[in-house]
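Peer 1: This is final.csv, which holds CSV, N, CA and C atoms:
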```
chain,number,residue,atom,x,y,z
A,12,MET,N,5.4,-9.0,-1.1
A,12,MET,CA,4.0,-8.6,-1.0
A,12,MET,C,3.9,-7.2,-1.6
A,13,ASP,N,2.8,-7.1,-2.3
A,13,ASP,CA,2.4,-5.8,-2.8
A,13,ASP,C,0.9,-5.7,-3.1
A,14,CYS,N,0.3,-4.6,-2.8
A,14,CYS,CA,-1.1,-4.4,-3.0
A,14,CYS,C,-1.4,-3.4,-4.1
A,15,THR,N,-2.4,-3.7,-4.8
A,15,THR,CA,-2.9,-2.8,-5.8
A,15,THR,C,-4.4,-3.1,-6.1
A,16,PRO,N,-5.2,-2.0,-6.4
A,16,PRO,CA,-6.6,-2.3,-6.7
A,16,PRO,C,-6.7,-2.9,-8.2
A,17,ASP,N,-7.6,-3.8,-8.3
A,17,ASP,CA,-7.9,-4.3,-9.7
A,17,ASP,C,-8.9,-3.4,-10.4
A,18,ILE,N,-9.3,-3.7,-11.5
A,18,ILE,CA,-10.2,-2.9,-12.3
A,18,ILE,C,-11.6,-2.6,-11.6
A,19,SER,N,-12.0,-3.5,-10.7
A,19,SER,CA,-13.2,-3.3,-10.0
A,19,SER,C,-13.0,-2.6,-8.7
A,20,HIS,N,-11.8,-2.1,-8.5
A,20,HIS,CA,-11.4,-1.4,-7.2
A,20,HIS,C,-11.3,-2.3,-6.0
A,21,GLN,N,-11.2,-3.6,-6.2
A,21,GLN,CA,-10.9,-4.5,-5.1
A,21,GLN,C,-9.4,-4.6,-4.9
A,22,GLU,N,-9.0,-4.3,-3.6
A,22,GLU,CA,-7.6,-4.3,-3.3
A,22,GLU,C,-7.1,-5.8,-3.3
A,23,GLN,N,-6.0,-6.0,-4.1
A,23,GLN,CA,-5.4,-7.3,-4.2
A,23,GLN,C,-4.0,-7.3,-3.8
A,24,LEU,N,-3.7,-8.3,-3.0
A,24,LEU,CA,-2.3,-8.6,-2.5
A,24,LEU,C,-1.7,-9.6,-3.4
A,25,SER,N,-0.5,-9.3,-4.0
A,25,SER,CA,0.2,-10.4,-4.7
A,25,SER,C,1.3,-10.9,-3.8
A,26,LEU,N,1.4,-12.2,-3.7
A,26,LEU,CA,2.3,-12.8,-2.8
A,26,LEU,C,3.3,-13.7,-3.6
A,27,ILE,N,4.6,-13.4,-3.5
A,27,ILE,CA,5.6,-14.1,-4.1
A,27,ILE,C,6.7,-14.4,-3.1
A,28,ILE,N,7.2,-15.7,-3.2
A,28,ILE,CA,8.2,-16.1,-2.3
A,28,ILE,C,9.5,-16.4,-3.1
A,29,ARG,N,10.6,-16.1,-2.5
A,29,ARG,CA,11.9,-16.5,-3.1
A,29,ARG,C,12.5,-17.5,-2.2
A,30,VAL,N,13.0,-18.6,-2.9
A,30,VAL,CA,13.6,-19.7,-2.2
A,30,VAL,C,15.1,-19.8,-2.6
A,31,VAL,N,15.9,-20.0,-1.6
A,31,VAL,CA,17.3,-20.2,-1.9
A,31,VAL,C,17.6,-21.7,-1.5
A,32,ASP,N,17.9,-22.5,-2.6
A,32,ASP,CA,18.1,-23.9,-2.4
A,32,ASP,C,19.6,-24.2,-2.3
A,33,MET,N,20.1,-24.6,-1.2
A,33,MET,CA,21.5,-24.9,-1.0
A,33,MET,C,21.8,-26.4,-0.9
A,34,ASP,N,22.8,-26.8,-1.6
A,34,ASP,CA,23.1,-28.2,-1.5
A,34,ASP,C,24.1,-28.4,-0.3
A,35,ILE,N,23.6,-28.9,0.8
A,35,ILE,CA,24.4,-28.9,2.0
A,35,ILE,C,25.4,-30.0,2.0
A,36,ASP,N,25.3,-30.9,1.0
A,36,ASP,CA,26.3,-32.0,0.9
A,36,ASP,C,27.5,-31.6,0.1
A,37,ASN,N,27.3,-30.5,-0.7
A,37,ASN,CA,28.4,-30.0,-1.5
A,37,ASN,C,28.6,-28.5,-1.3
A,38,GLU,N,29.5,-28.2,-0.5
A,38,GLU,CA,29.8,-26.8,-0.1
A,38,GLU,C,30.3,-26.0,-1.2
A,39,HIS,N,30.7,-26.6,-2.3
A,39,HIS,CA,31.3,-25.8,-3.4
A,39,HIS,C,30.2,-25.5,-4.5
A,40,SER,N,29.0,-26.0,-4.3
A,40,SER,CA,28.0,-25.8,-5.3
A,40,SER,C,27.4,-24.4,-5.1
A,41,ASP,N,26.9,-23.8,-6.2
A,41,ASP,CA,26.2,-22.5,-6.0
A,41,ASP,C,24.8,-22.7,-5.6
A,42,PRO,N,24.3,-21.8,-4.8
A,42,PRO,CA,22.9,-21.9,-4.4
A,42,PRO,C,22.0,-21.7,-5.7
A,43,ILE,N,20.8,-22.3,-5.7
A,43,ILE,CA,19.8,-22.1,-6.7
A,43,ILE,C,18.7,-21.2,-6.1
A,44,ILE,N,18.5,-20.1,-6.8
A,44,ILE,CA,17.5,-19.1,-6.4
A,44,ILE,C,16.2,-19.2,-7.2
A,45,LYS,N,15.1,-19.4,-6.6
A,45,LYS,CA,13.8,-19.5,-7.3
A,45,LYS,C,12.8,-18.6,-6.8
A,46,GLU,N,12.0,-17.9,-7.6
A,46,GLU,CA,10.9,-17.1,-7.2
A,46,GLU,C,9.6,-17.8,-7.6
A,47,MET,N,8.7,-17.8,-6.7
A,47,MET,CA,7.4,-18.5,-7.0
A,47,MET,C,6.2,-17.6,-6.7
A,48,PHE,N,5.4,-17.4,-7.6
A,48,PHE,CA,4.1,-16.6,-7.4
A,48,PHE,C,3.2,-17.5,-6.6
A,49,MET,N,2.7,-17.1,-5.5
A,49,MET,CA,1.8,-17.9,-4.7
A,49,MET,C,0.4,-17.7,-5.1
A,50,GLU,N,-0.1,-16.4,-5.0
A,50,GLU,CA,-1.4,-16.1,-5.4
A,50,GLU,C,-1.7,-14.6,-5.3
A,51,PHE,N,-2.9,-14.3,-5.9
A,51,PHE,CA,-3.5,-13.0,-5.6
A,51,PHE,C,-4.5,-13.2,-4.5
A,52,ILE,N,-4.5,-12.3,-3.6
A,52,ILE,CA,-5.4,-12.4,-2.4
A,52,ILE,C,-6.2,-11.1,-2.3
A,53,ASN,N,-7.6,-11.2,-2.3
A,53,ASN,CA,-8.4,-10.0,-2.1
A,53,ASN,C,-8.3,-9.7,-0.6
A,54,VAL,N,-8.0,-8.4,-0.3
A,54,VAL,CA,-7.8,-8.0,1.1
A,54,VAL,C,-8.8,-6.9,1.3
A,55,GLU,N,-9.4,-6.9,2.5
A,55,GLU,CA,-10.4,-5.9,2.9
A,55,GLU,C,-9.6,-4.6,3.5
A,56,SER,N,-8.5,-4.9,4.1
A,56,SER,CA,-7.7,-3.8,4.7
A,56,SER,C,-6.2,-3.9,4.4
A,57,THR,N,-5.6,-2.8,4.1
A,57,THR,CA,-4.2,-2.8,3.8
A,57,THR,C,-3.3,-2.3,4.9
A,58,THR,N,-3.8,-2.4,6.2
A,58,THR,CA,-3.0,-2.0,7.3
A,58,THR,C,-1.8,-3.1,7.5
A,59,GLY,N,-0.8,-2.6,8.1
A,59,GLY,CA,0.3,-3.6,8.4
A,59,GLY,C,-0.1,-4.8,9.2
A,60,LEU,N,-1.1,-4.6,10.1
A,60,LEU,CA,-1.6,-5.7,10.9
A,60,LEU,C,-2.3,-6.7,10.0
A,61,ASN,N,-3.2,-6.2,9.2
A,61,ASN,CA,-4.0,-7.2,8.4
A,61,ASN,C,-3.1,-7.9,7.4
A,62,LEU,N,-2.2,-7.2,6.7
A,62,LEU,CA,-1.3,-7.8,5.7
A,62,LEU,C,-0.4,-8.8,6.4
A,63,THR,N,0.1,-8.5,7.6
A,63,THR,CA,0.9,-9.5,8.3
A,63,THR,C,0.1,-10.7,8.6
A,64,ASN,N,-1.2,-10.6,9.1
A,64,ASN,CA,-2.0,-11.7,9.4
A,64,ASN,C,-2.3,-12.6,8.1
A,65,VAL,N,-2.5,-11.9,7.0
A,65,VAL,CA,-2.8,-12.6,5.8
A,65,VAL,C,-1.5,-13.4,5.4
A,66,LEU,N,-0.4,-12.8,5.4
A,66,LEU,CA,0.9,-13.5,5.1
A,66,LEU,C,1.1,-14.7,6.0
A,67,LEU,N,1.0,-14.5,7.3
A,67,LEU,CA,1.2,-15.6,8.2
A,67,LEU,C,0.2,-16.7,8.0
A,68,GLU,N,-1.0,-16.4,7.7
A,68,GLU,CA,-2.0,-17.5,7.4
A,68,GLU,C,-1.6,-18.3,6.1
A,69,LYS,N,-1.1,-17.5,5.1
A,69,LYS,CA,-0.7,-18.2,3.8
A,69,LYS,C,0.5,-19.0,4.0
A,70,LEU,N,1.5,-18.5,4.8
A,70,LEU,CA,2.7,-19.3,5.1
A,70,LEU,C,2.3,-20.6,5.8
A,71,LYS,N,1.4,-20.5,6.8
A,71,LYS,CA,1.0,-21.6,7.6
A,71,LYS,C,0.3,-22.6,6.7
A,72,ASN,N,-0.6,-22.2,5.9
A,72,ASN,CA,-1.4,-23.0,5.0
A,72,ASN,C,-0.5,-23.8,4.0
A,73,ASN,N,0.7,-23.2,3.7
A,73,ASN,CA,1.7,-23.9,2.8
A,73,ASN,C,2.9,-24.5,3.6
A,74,ASN,N,2.7,-24.7,4.9
A,74,ASN,CA,3.7,-25.4,5.8
A,74,ASN,C,5.0,-24.7,5.7
A,75,ILE,N,5.0,-23.4,5.7
A,75,ILE,CA,6.3,-22.6,5.7
A,75,ILE,C,6.4,-22.0,7.1
A,76,ASP,N,7.4,-22.3,7.8
A,76,ASP,CA,7.7,-21.8,9.1
A,76,ASP,C,8.3,-20.4,9.0
A,77,ILE,N,7.7,-19.4,9.6
A,77,ILE,CA,8.2,-18.0,9.6
A,77,ILE,C,9.6,-18.0,10.1
A,78,ASN,N,10.0,-18.9,11.0
A,78,ASN,CA,11.4,-18.9,11.5
A,78,ASN,C,12.4,-19.3,10.4
A,79,ASN,N,12.0,-19.8,9.3
A,79,ASN,CA,12.9,-20.2,8.2
A,79,ASN,C,13.0,-19.1,7.2
A,80,CYS,N,12.3,-18.0,7.4
A,80,CYS,CA,12.4,-16.8,6.5
A,80,CYS,C,13.6,-16.0,6.9
A,81,ARG,N,14.3,-15.5,5.8
A,81,ARG,CA,15.5,-14.8,6.0
A,81,ARG,C,15.5,-13.4,5.4
A,82,GLY,N,14.4,-12.9,4.9
A,82,GLY,CA,14.3,-11.6,4.3
A,82,GLY,C,12.9,-11.2,4.0
A,83,GLN,N,12.7,-9.9,3.7
A,83,GLN,CA,11.4,-9.4,3.3
A,83,GLN,C,11.7,-8.3,2.3
A,84,CYS,N,10.8,-8.3,1.3
A,84,CYS,CA,10.8,-7.2,0.3
A,84,CYS,C,9.5,-6.6,0.1
A,85,TYR,N,9.4,-5.3,0.1
A,85,TYR,CA,8.2,-4.6,0.0
A,85,TYR,C,8.4,-3.3,-0.9
A,86,ASP,N,7.3,-2.7,-1.2
A,86,ASP,CA,7.4,-1.4,-1.8
A,86,ASP,C,7.7,-0.4,-0.6
A,87,ASN,N,7.7,0.9,-0.9
A,87,ASN,CA,8.0,1.9,0.1
A,87,ASN,C,6.8,2.4,0.9
A,88,GLY,N,5.7,1.7,0.8
A,88,GLY,CA,4.5,2.1,1.6
A,88,GLY,C,4.6,1.9,3.1
A,89,ALA,N,4.1,2.9,3.8
A,89,ALA,CA,4.2,2.9,5.3
A,89,ALA,C,3.5,1.6,5.9
A,90,ASN,N,2.5,1.1,5.2
A,90,ASN,CA,1.8,-0.1,5.7
A,90,ASN,C,2.8,-1.3,5.6
A,91,MET,N,3.7,-1.2,4.7
A,91,MET,CA,4.7,-2.3,4.5
A,91,MET,C,5.9,-2.1,5.4
A,92,LYS,N,6.5,-0.9,5.2
A,92,LYS,CA,7.8,-0.7,5.8
A,92,LYS,C,7.8,0.1,7.1
A,93,GLY,N,6.6,0.4,7.6
A,93,GLY,CA,6.5,1.3,8.8
A,93,GLY,C,7.3,0.7,9.9
A,94,GLN,N,8.0,1.6,10.6
A,94,GLN,CA,9.0,1.2,11.6
A,94,GLN,C,8.4,0.5,12.8
A,95,TYR,N,7.1,0.8,13.1
A,95,TYR,CA,6.5,0.2,14.3
A,95,TYR,C,5.3,-0.7,14.0
A,96,LYS,N,4.5,-0.2,13.0
A,96,LYS,CA,3.2,-0.9,12.8
A,96,LYS,C,3.1,-1.5,11.4
A,97,GLY,N,4.2,-1.4,10.6
A,97,GLY,CA,4.2,-1.9,9.2
A,97,GLY,C,4.4,-3.4,9.3
A,98,ALA,N,4.1,-4.1,8.1
A,98,ALA,CA,4.2,-5.5,8.0
A,98,ALA,C,5.6,-6.0,8.4
A,99,HIS,N,6.6,-5.2,7.9
A,99,HIS,CA,8.0,-5.5,8.2
A,99,HIS,C,8.3,-5.6,9.7
A,100,ALA,N,7.9,-4.6,10.4
A,100,ALA,CA,8.2,-4.5,11.8
A,100,ALA,C,7.5,-5.7,12.6
A,101,ARG,N,6.3,-6.0,12.1
A,101,ARG,CA,5.5,-7.0,12.8
A,101,ARG,C,6.1,-8.4,12.5
A,102,ILE,N,6.6,-8.6,11.3
A,102,ILE,CA,7.2,-9.9,11.0
A,102,ILE,C,8.6,-10.0,11.7
A,103,LYS,N,9.3,-8.9,11.7
A,103,LYS,CA,10.6,-8.9,12.4
A,103,LYS,C,10.5,-9.3,13.9
A,104,THR,N,9.4,-8.9,14.5
A,104,THR,CA,9.2,-9.3,15.9
A,104,THR,C,9.0,-10.9,16.1
A,105,LEU,N,8.5,-11.5,15.0
A,105,LEU,CA,8.3,-12.9,15.0
A,105,LEU,C,9.5,-13.7,14.6
A,106,SER,N,10.3,-13.1,13.7
A,106,SER,CA,11.5,-13.8,13.2
A,106,SER,C,12.6,-12.8,13.0
A,107,SER,N,13.5,-12.8,13.9
A,107,SER,CA,14.6,-11.8,13.9
A,107,SER,C,15.5,-11.9,12.6
A,108,ARG,N,15.5,-13.0,12.0
A,108,ARG,CA,16.3,-13.2,10.7
A,108,ARG,C,15.6,-12.7,9.5
A,109,ALA,N,14.3,-12.4,9.6
A,109,ALA,CA,13.6,-11.9,8.4
A,109,ALA,C,13.8,-10.4,8.3
A,110,PHE,N,15.1,-10.1,7.9
A,110,PHE,CA,15.5,-8.7,7.7
A,110,PHE,C,14.9,-8.0,6.5
A,111,LEU,N,15.0,-6.7,6.4
A,111,LEU,CA,14.5,-6.0,5.2
A,111,LEU,C,15.7,-5.3,4.6
A,112,PRO,N,16.2,-5.6,3.4
A,112,PRO,CA,17.3,-4.9,2.8
A,112,PRO,C,16.9,-3.5,2.6
A,113,HIS,N,17.9,-2.6,2.7
A,113,HIS,CA,17.6,-1.2,2.5
A,113,HIS,C,17.5,-0.8,1.0
A,114,ALA,N,18.0,-1.6,0.1
A,114,ALA,CA,17.8,-1.2,-1.3
A,114,ALA,C,16.4,-1.5,-1.7
A,115,LEU,N,15.8,-0.6,-2.5
A,115,LEU,CA,14.5,-0.8,-3.0
A,115,LEU,C,14.4,-2.0,-4.0
A,116,GLN,N,13.5,-2.9,-3.7
A,116,GLN,CA,13.4,-4.1,-4.5
A,116,GLN,C,11.9,-4.1,-5.0
A,117,ILE,N,11.7,-4.0,-6.2
A,117,ILE,CA,10.4,-4.0,-6.7
A,117,ILE,C,10.0,-5.4,-7.1
A,118,ILE,N,8.9,-5.9,-6.6
A,118,ILE,CA,8.4,-7.2,-6.8
A,118,ILE,C,7.4,-7.3,-7.9
```
Kindly present the structure from the file in structure tokens form.
Peer 2:
Amino acid sequence: MDCTPDISHQEQLSLIIRVVDMDIDNEHSDPIIKEMFMEFINVESTTGLNLTNVLLEKLKNNNIDINNCRGQCYDNGANMKGQYKGAHARIKTLSSRAFLPHALQII
């Protein structure tokens, strides 16, 4: 997830998911990693709470269970990475396996 204003100054959230496809029948096969752009979403607020709610709604609409998520990647904005009220902290309370790597990952 990342937010940026468009040319008309409307804040847009870009949502990309990364999927790791593992062949459970063949333990010697390499996992296949895919990244998929989901959509641009106009957002009225860029608070951690609102961005979390938008993400959860989009995951639900696409039948993706938050408990199957294993990681999160954001920019260094406080609304994303904030320790208590950022999107990361809010998602982490819902899914303890949705960790945030410490290395900066630009999406």
Peer 1: Enumerate, as JSON, numbers by chain, the complete set of residues in segment 15-88 of chain A that a backbone-based DSSP assignment places in strand (DSSP E or B).
Peer 2: {"A": [15, 16, 22, 23, 24, 25, 26, 27, 28, 29, 30, 31, 32, 43, 44, 45, 46, 47, 48, 49, 50, 51, 52, 53, 82]}
Peer 1: Would you list the contacts of Lys45 of chain A as a list in words, taking every protein, DNA or RNA residue within 7 Å and counting all atoms listed in the file, but skipping same-chain residues closer than 5 positions in sequence?
Peer 2: Ile28, Arg29, Val30, Val31 and Asp32 of chain A
Peer 1: Next, dump the selected residues to file, keeping only N, CA and C atoms, as a CSV table (one decimal), in the coordinates of the input.
Peer 2:
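As written to disk, selection-v5.csv reads:
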```
chain,number,residue,atom,x,y,z
A,28,ILE,N,7.2,-15.7,-3.2
A,28,ILE,CA,8.2,-16.1,-2.3
A,28,ILE,C,9.5,-16.4,-3.1
A,29,ARG,N,10.6,-16.1,-2.5
A,29,ARG,CA,11.9,-16.5,-3.1
A,29,ARG,C,12.5,-17.5,-2.2
A,30,VAL,N,13.0,-18.6,-2.9
A,30,VAL,CA,13.6,-19.7,-2.2
A,30,VAL,C,15.1,-19.8,-2.6
A,31,VAL,N,15.9,-20.0,-1.6
A,31,VAL,CA,17.3,-20.2,-1.9
A,31,VAL,C,17.6,-21.7,-1.5
A,32,ASP,N,17.9,-22.5,-2.6
A,32,ASP,CA,18.1,-23.9,-2.4
A,32,ASP,C,19.6,-24.2,-2.3
```
Peer 1: Would you please work out which residue, of A:Ile18, A:Ala98, A:Met12, A:Leu24, is nearest to Thr63 of chain A when using all atoms listed in the file?
Peer 2: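 Checking each candidate against Thr63 of chain A, we get A:Ala98 as the closest.
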Peer 1: I need the residue nearest Ala100 of chain A from this list: A:Ile43, A:Glu22, A:Gly59, A:Phe51. Use only C-alpha atoms for the distance.
Peer 2: A:Gly59
Peer 1: I need the residue nearest Glu55 of chain A from this list: A:Met33, A:Pro42, A:Gln23, A:Leu105. Use all atoms listed in the file for the distance.
Peer 2: A:Gln23
Peer 1: Near Asn53 of chain A, counting only C-alpha atoms, which residues have an atom at most 12 Å away, once you skip same-chain residues fewer than 5 positions from it, shown as a ChimeraX atom specification?
Peer 2: /A:13-17,19-26,61-62,65
Peer 1: Check segment 38-71 of chain A with DSSP on the backbone and list each residue it calls alpha helix (DSSP H), as a PyMOL selection string.
Peer 2: chain A and resi 59-71
Peer 1: How many Å separate atom CA of Asp41 of chain A from atom CA of Ile27 of chain A?
Peer 2: 22.3 Å
Peer 1: Quick one: pull the distance between atom C of Asp34 of chain A and atom CA of Leu67 of chain A, Å, one decimal.
Peer 2: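 Here the two named atoms are 27.6 Å from each other.
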